[in-house]
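Asks: mmCIF, C-alpha atoms and all ligand atoms, saved as run.cif, coming up:
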data_coords
#
loop_
_atom_site.group_PDB
_atom_site.id
_atom_site.type_symbol
_atom_site.label_atom_id
_atom_site.label_comp_id
_atom_site.auth_asym_id
_atom_site.auth_seq_id
_atom_site.Cartn_x
_atom_site.Cartn_y
_atom_site.Cartn_z
ATOM 1 C CA MET A 739 18.117 4.639 2.219
ATOM 2 C CA ALA A 740 14.721 5.782 0.974
ATOM 3 C CA ILE A 741 13.779 6.265 -2.636
ATOM 4 C CA ASN A 742 12.139 9.640 -3.083
ATOM 5 C CA ASN A 743 8.973 8.417 -4.748
ATOM 6 C CA GLY A 744 5.998 10.467 -5.833
ATOM 7 C CA GLU A 745 4.115 10.481 -2.573
ATOM 8 C CA GLU A 746 7.190 11.717 -0.734
ATOM 9 C CA GLN A 747 7.564 14.572 -3.201
ATOM 10 C CA GLN A 748 3.880 15.389 -2.873
ATOM 11 C CA ASN A 749 4.522 15.828 0.823
ATOM 12 C CA GLN A 750 7.300 18.283 0.208
ATOM 13 C CA ILE A 751 5.389 20.288 -2.376
ATOM 14 C CA ILE A 752 1.912 20.517 -0.870
ATOM 15 C CA GLY A 753 2.480 19.996 2.840
ATOM 16 C CA HIS A 754 1.109 17.251 4.952
ATOM 17 C CA THR A 755 -1.698 18.617 7.015
ATOM 18 C CA ASP A 756 -4.289 19.322 4.354
ATOM 19 C CA LEU A 757 -6.885 16.588 4.556
ATOM 20 C CA ALA A 758 -8.121 17.412 1.053
ATOM 21 C CA HIS A 759 -5.027 15.830 -0.439
ATOM 22 C CA LYS A 760 -5.524 12.581 1.431
ATOM 23 C CA THR A 761 -8.765 11.709 -0.273
ATOM 24 C CA LEU A 762 -10.436 11.729 -3.661
ATOM 25 C CA LEU A 763 -13.784 12.605 -2.095
ATOM 26 C CA GLN A 764 -14.914 16.102 -3.059
ATOM 27 C CA SER A 765 -15.765 17.228 0.444
ATOM 28 C CA ASP A 766 -13.414 17.174 3.416
ATOM 29 C CA ALA A 767 -16.450 17.183 5.705
ATOM 30 C CA LEU A 768 -17.786 14.003 4.122
ATOM 31 C CA TYR A 769 -14.443 12.268 4.490
ATOM 32 C CA GLN A 770 -14.170 13.413 8.103
ATOM 33 C CA TYR A 771 -17.676 12.051 8.670
ATOM 34 C CA ILE A 772 -16.605 8.612 7.407
ATOM 35 C CA LEU A 773 -13.559 8.628 9.673
ATOM 36 C CA ASP A 774 -15.407 9.883 12.761
ATOM 37 C CA THR A 775 -18.450 7.665 12.322
ATOM 38 C CA SER A 776 -17.153 4.384 10.935
ATOM 39 C CA VAL A 777 -13.374 4.221 11.219
ATOM 40 C CA PHE A 778 -11.919 5.873 14.326
ATOM 41 C CA PRO A 779 -14.395 4.377 16.849
ATOM 42 C CA ASN A 780 -13.118 0.866 16.043
ATOM 43 C CA GLU A 781 -9.481 1.644 15.358
ATOM 44 C CA HIS A 782 -7.114 -0.478 17.471
ATOM 45 C CA PRO A 783 -5.336 1.732 20.071
ATOM 46 C CA CYS A 784 -1.921 0.831 18.625
ATOM 47 C CA LEU A 785 -3.080 1.783 15.119
ATOM 48 C CA LYS A 786 -4.264 5.091 16.556
ATOM 49 C CA GLU A 787 -0.918 5.604 18.276
ATOM 50 C CA LEU A 788 0.985 4.714 15.086
ATOM 51 C CA ARG A 789 -1.207 7.043 13.022
ATOM 52 C CA GLU A 790 -0.712 9.917 15.456
ATOM 53 C CA MET A 791 3.037 9.313 15.653
ATOM 54 C CA THR A 792 3.245 9.214 11.836
ATOM 55 C CA GLU A 793 1.275 12.466 11.551
ATOM 56 C CA LYS A 794 4.282 14.209 13.109
ATOM 57 C CA HIS A 795 6.700 12.755 10.519
ATOM 58 C CA PRO A 796 7.618 15.121 7.660
ATOM 59 C CA ARG A 797 6.643 12.538 5.024
ATOM 60 C CA ASN A 798 3.352 11.555 6.600
ATOM 61 C CA LEU A 799 1.379 11.927 3.384
ATOM 62 C CA MET A 800 2.813 8.552 2.377
ATOM 63 C CA ALA A 801 0.906 6.824 5.178
ATOM 64 C CA THR A 802 -2.053 4.618 4.385
ATOM 65 C CA PRO A 803 -5.197 6.458 5.519
ATOM 66 C CA ALA A 804 -7.192 4.925 8.370
ATOM 67 C CA ASP A 805 -10.209 4.065 6.181
ATOM 68 C CA GLU A 806 -7.971 2.190 3.762
ATOM 69 C CA GLY A 807 -6.370 0.317 6.662
ATOM 70 C CA GLN A 808 -9.870 -0.693 7.718
ATOM 71 C CA LEU A 809 -10.569 -1.967 4.184
ATOM 72 C CA ILE A 810 -7.347 -4.018 4.212
ATOM 73 C CA ARG A 811 -8.305 -5.617 7.536
ATOM 74 C CA MET A 812 -11.766 -6.464 6.231
ATOM 75 C CA LEU A 813 -10.374 -8.018 3.026
ATOM 76 C CA ILE A 814 -7.844 -10.130 4.902
ATOM 77 C CA LYS A 815 -10.546 -11.502 7.177
ATOM 78 C CA LEU A 816 -13.025 -12.066 4.336
ATOM 79 C CA ILE A 817 -10.584 -14.218 2.363
ATOM 80 C CA ASN A 818 -9.147 -15.881 5.493
ATOM 81 C CA ALA A 819 -5.664 -14.821 4.427
ATOM 82 C CA LYS A 820 -2.811 -16.424 6.301
ATOM 83 C CA ASN A 821 0.296 -15.873 4.195
ATOM 84 C CA THR A 822 0.632 -12.280 2.984
ATOM 85 C CA MET A 823 3.125 -9.787 1.603
ATOM 86 C CA GLU A 824 3.468 -6.017 1.621
ATOM 87 C CA ILE A 825 5.692 -3.953 -0.660
ATOM 88 C CA GLY A 826 6.199 -0.447 0.767
ATOM 89 C CA VAL A 827 5.985 -0.300 4.560
ATOM 90 C CA TYR A 828 6.941 3.274 5.594
ATOM 91 C CA THR A 829 6.068 3.545 9.336
ATOM 92 C CA GLY A 830 3.753 0.547 9.110
ATOM 93 C CA TYR A 831 0.089 1.569 9.244
ATOM 94 C CA SER A 832 -0.989 -0.913 6.550
ATOM 95 C CA LEU A 833 1.488 -3.472 7.922
ATOM 96 C CA LEU A 834 0.071 -3.249 11.451
ATOM 97 C CA SER A 835 -3.453 -3.380 9.993
ATOM 98 C CA THR A 836 -2.498 -6.551 8.130
ATOM 99 C CA ALA A 837 -0.800 -8.179 11.107
ATOM 100 C CA LEU A 838 -3.748 -7.397 13.413
ATOM 101 C CA ALA A 839 -6.216 -8.923 10.943
ATOM 102 C CA LEU A 840 -4.213 -12.114 10.419
ATOM 103 C CA PRO A 841 -4.772 -15.172 12.594
ATOM 104 C CA SER A 842 -2.154 -15.808 15.310
ATOM 105 C CA ASP A 843 -0.184 -18.128 13.005
ATOM 106 C CA GLY A 844 -0.487 -15.764 10.013
ATOM 107 C CA LYS A 845 2.534 -14.162 8.331
ATOM 108 C CA VAL A 846 3.319 -10.971 6.493
ATOM 109 C CA LEU A 847 6.514 -10.619 4.494
ATOM 110 C CA ALA A 848 7.226 -6.881 4.520
ATOM 111 C CA LEU A 849 9.590 -5.296 1.985
ATOM 112 C CA ASP A 850 10.963 -1.768 2.043
ATOM 113 C CA VAL A 851 14.175 -0.043 0.977
ATOM 114 C CA SER A 852 14.141 1.809 4.284
ATOM 115 C CA ARG A 853 14.566 -0.007 7.602
ATOM 116 C CA GLU A 854 14.736 3.442 9.153
ATOM 117 C CA TYR A 855 11.074 4.126 8.346
ATOM 118 C CA TYR A 856 10.011 0.689 9.588
ATOM 119 C CA GLU A 857 11.864 1.198 12.857
ATOM 120 C CA LEU A 858 9.954 4.413 13.552
ATOM 121 C CA GLY A 859 6.790 2.380 14.007
ATOM 122 C CA LEU A 860 8.369 -0.811 15.328
ATOM 123 C CA PRO A 861 7.980 -0.086 19.072
ATOM 124 C CA ILE A 862 4.231 0.404 18.556
ATOM 125 C CA ILE A 863 4.021 -2.718 16.361
ATOM 126 C CA GLU A 864 5.749 -4.645 19.164
ATOM 127 C CA LYS A 865 3.405 -3.185 21.755
ATOM 128 C CA ALA A 866 0.464 -4.488 19.680
ATOM 129 C CA GLY A 867 1.780 -8.027 20.281
ATOM 130 C CA ILE A 868 1.813 -9.046 16.610
ATOM 131 C CA ALA A 869 5.494 -8.544 15.680
ATOM 132 C CA HIS A 870 5.981 -12.332 15.506
ATOM 133 C CA LYS A 871 3.813 -12.351 12.356
ATOM 134 C CA ILE A 872 6.128 -9.920 10.532
ATOM 135 C CA ASP A 873 9.184 -10.837 8.478
ATOM 136 C CA PHE A 874 10.730 -7.493 7.469
ATOM 137 C CA ARG A 875 13.297 -7.462 4.657
ATOM 138 C CA GLU A 876 15.204 -4.335 3.777
ATOM 139 C CA GLY A 877 16.028 -3.673 0.132
ATOM 140 C CA PRO A 878 14.551 -2.912 -3.272
ATOM 141 C CA ALA A 879 11.526 -5.144 -3.807
ATOM 142 C CA LEU A 880 12.244 -6.310 -7.360
ATOM 143 C CA PRO A 881 15.360 -8.416 -6.644
ATOM 144 C CA LEU A 882 13.671 -9.755 -3.494
ATOM 145 C CA LEU A 883 10.679 -10.860 -5.575
ATOM 146 C CA ASP A 884 13.019 -12.416 -8.129
ATOM 147 C CA GLN A 885 14.659 -14.347 -5.307
ATOM 148 C CA LEU A 886 11.274 -15.527 -4.033
ATOM 149 C CA ILE A 887 10.141 -16.891 -7.410
ATOM 150 C CA GLN A 888 13.341 -18.952 -7.674
ATOM 151 C CA ASP A 889 11.845 -21.180 -4.997
ATOM 152 C CA GLU A 890 8.992 -23.306 -6.366
ATOM 153 C CA ASN A 891 7.517 -23.518 -2.845
ATOM 154 C CA ASN A 892 6.673 -19.825 -2.988
ATOM 155 C CA LYS A 893 4.617 -20.114 -6.172
ATOM 156 C CA GLY A 894 0.923 -19.729 -5.374
ATOM 157 C CA ALA A 895 1.860 -19.516 -1.677
ATOM 158 C CA PHE A 896 0.485 -16.034 -0.903
ATOM 159 C CA ASP A 897 -3.165 -15.287 -0.126
ATOM 160 C CA PHE A 898 -2.866 -11.501 -0.170
ATOM 161 C CA VAL A 899 -0.291 -8.981 -1.425
ATOM 162 C CA PHE A 900 -0.498 -5.217 -0.881
ATOM 163 C CA VAL A 901 1.667 -3.089 -3.191
ATOM 164 C CA ASP A 902 2.339 0.493 -2.077
ATOM 165 C CA ALA A 903 5.840 1.453 -3.220
ATOM 166 C CA ASP A 904 7.500 2.864 -6.370
ATOM 167 C CA LYS A 905 4.695 3.301 -8.908
ATOM 168 C CA ASP A 906 6.990 2.976 -11.938
ATOM 169 C CA ASN A 907 7.711 -0.633 -10.922
ATOM 170 C CA TYR A 908 4.153 -1.869 -10.415
ATOM 171 C CA LEU A 909 4.015 -3.691 -13.762
ATOM 172 C CA ASN A 910 7.326 -5.392 -12.952
ATOM 173 C CA TYR A 911 5.951 -6.358 -9.539
ATOM 174 C CA HIS A 912 2.751 -7.641 -11.115
ATOM 175 C CA GLU A 913 4.617 -10.051 -13.402
ATOM 176 C CA ARG A 914 6.263 -11.632 -10.364
ATOM 177 C CA ILE A 915 3.427 -11.405 -7.847
ATOM 178 C CA ILE A 916 1.013 -13.110 -10.231
ATOM 179 C CA ASP A 917 3.073 -16.298 -9.790
ATOM 180 C CA LEU A 918 3.420 -15.893 -6.027
ATOM 181 C CA VAL A 919 -0.249 -15.313 -5.205
ATOM 182 C CA LYS A 920 -2.517 -18.327 -5.291
ATOM 183 C CA VAL A 921 -5.427 -18.704 -7.706
ATOM 184 C CA GLY A 922 -8.310 -17.079 -5.777
ATOM 185 C CA GLY A 923 -5.833 -14.888 -3.891
ATOM 186 C CA LEU A 924 -5.889 -11.094 -3.856
ATOM 187 C CA ILE A 925 -3.431 -8.355 -4.866
ATOM 188 C CA GLY A 926 -4.086 -4.707 -3.923
ATOM 189 C CA TYR A 927 -2.292 -2.012 -5.946
ATOM 190 C CA ASP A 928 -2.360 1.325 -4.173
ATOM 191 C CA ASN A 929 -2.548 4.865 -5.609
ATOM 192 C CA THR A 930 -4.052 3.756 -8.908
ATOM 193 C CA LEU A 931 -5.984 7.021 -9.296
ATOM 194 C CA TRP A 932 -2.776 8.984 -8.727
ATOM 195 C CA PHE A 933 -4.227 12.136 -7.159
ATOM 196 C CA GLY A 934 -6.948 12.143 -9.824
ATOM 197 C CA SER A 935 -4.399 12.824 -12.580
ATOM 198 C CA VAL A 936 -5.264 9.659 -14.533
ATOM 199 C CA ALA A 937 -8.472 11.321 -15.738
ATOM 200 C CA VAL A 938 -7.174 14.739 -16.838
ATOM 201 C CA PRO A 939 -5.816 15.622 -20.308
ATOM 202 C CA ASP A 940 -2.058 15.132 -20.875
ATOM 203 C CA ASP A 941 -1.504 18.864 -21.184
ATOM 204 C CA ALA A 942 -3.431 19.798 -18.026
ATOM 205 C CA PRO A 943 -1.320 21.659 -15.455
ATOM 206 C CA MET A 944 0.023 19.264 -12.826
ATOM 207 C CA LEU A 945 2.887 18.945 -10.405
ATOM 208 C CA ASP A 946 6.101 17.504 -11.853
ATOM 209 C CA PHE A 947 6.090 14.281 -9.867
ATOM 210 C CA VAL A 948 2.439 13.648 -10.725
ATOM 211 C CA LYS A 949 3.258 14.109 -14.398
ATOM 212 C CA ARG A 950 6.367 11.898 -14.174
ATOM 213 C CA LEU A 951 4.608 8.862 -12.716
ATOM 214 C CA ARG A 952 1.135 9.386 -14.176
ATOM 215 C CA GLY A 953 1.935 7.526 -17.406
ATOM 216 C CA HIS A 954 3.035 4.461 -15.424
ATOM 217 C CA VAL A 955 -0.191 4.414 -13.414
ATOM 218 C CA ILE A 956 -2.328 4.857 -16.563
ATOM 219 C CA GLU A 957 -0.403 2.032 -18.251
ATOM 220 C CA LEU A 958 -0.880 -0.204 -15.193
ATOM 221 C CA ASN A 959 -4.626 0.475 -15.079
ATOM 222 C CA LYS A 960 -5.032 -0.376 -18.777
ATOM 223 C CA TYR A 961 -2.887 -3.478 -18.402
ATOM 224 C CA LEU A 962 -4.755 -4.823 -15.378
ATOM 225 C CA ALA A 963 -8.121 -4.287 -17.087
ATOM 226 C CA LYS A 964 -7.130 -6.586 -19.939
ATOM 227 C CA ASP A 965 -5.041 -9.111 -17.998
ATOM 228 C CA SER A 966 -7.049 -12.331 -18.246
ATOM 229 C CA ARG A 967 -5.211 -13.819 -15.232
ATOM 230 C CA VAL A 968 -7.027 -11.452 -12.874
ATOM 231 C CA GLU A 969 -10.479 -10.087 -12.158
ATOM 232 C CA ILE A 970 -10.276 -6.474 -10.988
ATOM 233 C CA CYS A 971 -12.157 -3.914 -8.953
ATOM 234 C CA GLN A 972 -10.914 -0.322 -8.641
ATOM 235 C CA LEU A 973 -12.066 1.477 -5.514
ATOM 236 C CA PRO A 974 -11.858 5.243 -4.844
ATOM 237 C CA VAL A 975 -10.553 4.669 -1.329
ATOM 238 C CA GLY A 976 -7.476 6.680 -0.335
ATOM 239 C CA ASP A 977 -5.744 7.543 -3.605
ATOM 240 C CA GLY A 978 -7.433 4.614 -5.348
ATOM 241 C CA ILE A 979 -6.798 0.932 -4.780
ATOM 242 C CA THR A 980 -7.158 -1.698 -7.487
ATOM 243 C CA LEU A 981 -8.009 -5.138 -6.204
ATOM 244 C CA CYS A 982 -6.990 -8.043 -8.428
ATOM 245 C CA ARG A 983 -8.272 -11.532 -7.737
ATOM 246 C CA ARG A 984 -6.104 -14.112 -9.465
ATOM 247 C CA ILE A 985 -8.318 -16.349 -11.574
ATOM 248 C CA SER A 986 -5.772 -18.360 -13.572
HETATM 249 N N1 LIG B 1 2.070 1.251 3.113
HETATM 250 C C1 LIG B 1 2.711 2.312 3.834
HETATM 251 C C2 LIG B 1 1.840 2.777 4.990
HETATM 252 O O1 LIG B 1 0.866 2.124 5.306
HETATM 253 O O2 LIG B 1 2.141 3.811 5.587
HETATM 254 C C3 LIG B 1 3.118 3.459 2.942
HETATM 255 C C4 LIG B 1 4.210 3.119 1.968
HETATM 256 S S1 LIG B 1 4.964 4.549 1.246
HETATM 257 C C5 LIG B 1 3.728 5.165 0.221
HETATM 258 C C6 LIG B 1 6.105 3.894 0.082
HETATM 259 C C7 LIG B 1 7.242 3.114 0.676
HETATM 260 O O3 LIG B 1 7.866 2.408 -0.383
HETATM 261 C C8 LIG B 1 8.327 3.951 1.336
HETATM 262 O O4 LIG B 1 8.490 3.532 2.680
HETATM 263 C C9 LIG B 1 9.586 3.679 0.519
HETATM 264 O O5 LIG B 1 10.752 3.579 1.319
HETATM 265 C C10 LIG B 1 9.244 2.342 -0.118
HETATM 266 N N2 LIG B 1 9.913 2.064 -1.408
HETATM 267 C C11 LIG B 1 10.157 2.936 -2.419
HETATM 268 N N3 LIG B 1 10.762 2.299 -3.437
HETATM 269 C C12 LIG B 1 10.900 1.004 -3.071
HETATM 270 C C13 LIG B 1 11.438 -0.159 -3.682
HETATM 271 N N4 LIG B 1 11.980 -0.114 -4.901
HETATM 272 N N5 LIG B 1 11.395 -1.332 -3.010
HETATM 273 C C14 LIG B 1 10.848 -1.403 -1.762
HETATM 274 N N6 LIG B 1 10.337 -0.341 -1.124
HETATM 275 C C15 LIG B 1 10.349 0.844 -1.768
HETATM 276 CA CA CA B 2 -0.165 4.631 -0.867
#
I need this file expressed as structure tokens, please.
Replies:
Amino acid sequence: MAINNGEEQQNQIIGHTDLAHKTLLQSDALYQYILDTSVFPNEHPCLKELREMTEKHPRNLMATPADEGQLIRMLIKLINAKNTMEIGVYTGYSLLSTALALPSDGKVLALDVSREYYELGLPIIEKAGIAHKIDFREGPALPLLDQLIQDENNKGAFDFVFVDADKDNYLNYHERIIDLVKVGGLIGYDNTLWFGSVAVPDDAPMLDFVKRLRGHVIELNKYLAKDSRVEICQLPVGDGITLCRRIS
């Protein structure tokens, strides 16, 4: 079962082929330039295959864009991450990016309410030869996180966590993940610019789902900026990703 979150609704309302809605950059040509020049030439063939397969799926706007996948791979390598987690898998572009960047004995715990979505990309993930690094668990992430923090061994055990699921739960996820990620470890919260809506007046015209979740994203952004347990950096990549390095 899949929860119909904001990005899914965006897909239904706007359509999924318009590049302009995949990026916060003001020019499609500039974004295409970045992809053509710096991203696609070095994209792993299985990532390319997964991306092209996902493009045909009706909810493809949910997919992590290729440039953001590249950023995730770079971050994982820079911090030498070994034990990682992802909340919100869909067909697996960010998951495959993560698994490819991890060392051969690295792990990614992948949580999603929909096994169906995960299984769409699974044959390609298997072809990439990295499936042994993935531990997929089906179900809502919050109870799974609660289960994880019951075990003291999991506290401070994760080097990197990527959160890309239901935006109205991010603060709940944060309160759990902060104990699971190690000091010096990294959390990435995705869609923190929420289609640019975080910076427009409350009464500006906007699509219903944007309006419904916008308050949660604004609240998260304010909260992260004053949370003394993390040091943050918000990047305008994809729909905005906020990196949080745990410092205490
Ligand atoms: N990271 C993915 C990628 O690279 O393509 C995109 C993830 S998509 C934006 C959001 C995903 O979150 C969907 O697959 C949806 O099924 C999942 N999801 C929604 N609510 C959830 C919840 N409460 N717990 C776990 N997964 C959830
Ligand atoms: Ca996303």
Asks: Could the residues that lie within 7 Å of ligand LIG 1 (chain B), counting only C-alpha atoms and all ligand atoms, be listed as number ranges by chain?
Replies: A: 740-741, 743, 745, 800-802, 825-833, 849-852, 855, 877-880, 902-904
Asks: Select, counting only C-alpha atoms, all protein, DNA and RNA residues no farther than 10 Å from (-0.8, -2.7, 11.6) in file coordinates, and express the selection as a list in words.
Replies: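 Answer for this query, in the requested form: His782, Cys784, Leu785, Lys786, Leu788, Arg789, Gly807, Ile810, Arg811, Thr829, Gly830, Tyr831, Ser832, Leu833, Leu834, Ser835, Thr836, Ala837, Leu838, Ala839, Gly859, Ile862, Ile863, Ala866, Ile868 and Ala869 of chain A.
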Asks: Quick one: everything within 9 Å of Val846 (chain A), counting only C-alpha atoms, minus sequence neighbours fewer than 2 positions away in the same chain. Send it as number ranges by chain.
Replies: A: 820-824, 833, 836-837, 840, 844, 848, 871-874, 899
Asks: Of the candidates A:Asn798, A:Gln972, A:Ser986, A:Ser935, which shows the shortest atom-to-atom distance to ligand CA 2 (chain B), using all atoms listed in the file?
Replies: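 Using all atoms listed in the file, ligand CA 2 (chain B) sits closest to A:Asn798.
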Asks: On this structure, the PyMOL selection byres (((chain A and resi 941-952) around 7) and not hetatm) would catch which residues? List them as an NGL selection string, sorted by chain and number.
Replies: :A and (744 or 747 or 905-906 or 932 or 935-936 or 938-940 or 953-956)
Asks: Mind working out the centre and edge lengths of an axis-aligned box for region 892-897 of chain A, all listed atoms inside, 6 Å added to each side, rounded to one decimal in Å and written as AutoDock Vina command-line options?
Replies:
--center_x 1.8 --center_y -17.7 --center_z -3.1 --size_x 21.8 --size_y 16.8 --size_z 18.0
Asks: Between A:Glu890, A:Glu969, A:Glu793, A:Asp928, which residue has the minimum interatomic distance to ligand CA 2 (chain B), considering all atoms listed in the file?
Replies: A:Asp928
Asks: I'd like the interatomic distance between atom CA of ligand CA 2 (chain B) and CA of Asp889 (chain A), to a tenth of an Å.
Replies: 28.8 Å
Asks: Any idea what the distance is between CA of Gly922 (chain A) and CA of Lys815 (chain A)?
Replies: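 Calculated distance between CA of Gly922 (chain A) and CA of Lys815 (chain A) is 14.3 Å.
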Asks: Have a look at CA of Ser765 (chain A) and CA of Arg797 (chain A) and let me know their distance in Å, one decimal.
Replies: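 Between these atoms lies a distance of 23.3 Å.
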Asks: I need the residue nearest ligand CA 2 (chain B) from this list: A:Pro861, A:Pro841, A:Pro803, A:Pro974. Use all atoms listed in the file for the distance.
Replies: A:Pro803
Asks: Which is closer to ligand CA 2 (chain B) than all the others in A:Leu847, A:Leu924, A:Ile979, A:Leu763, using only C-alpha atoms and all ligand atoms?
Replies: A:Ile979
Asks: Go through A:Asp774, A:Asp884, A:Glu854, A:Glu876 and flag the residue nearest Asn910 (chain A), using only C-alpha atoms for the distances.
Replies: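 Closest to Asn910 (chain A) of all the choices is A:Asp884.
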Asks: With distances taken over all atoms listed in the file, which residue among A:Arg967, A:Pro881, A:Ala937, A:Asn929 lies nearest ligand CA 2 (chain B)?
Replies: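 Counting all atoms listed in the file, the residue closest to ligand CA 2 (chain B) is A:Asn929.
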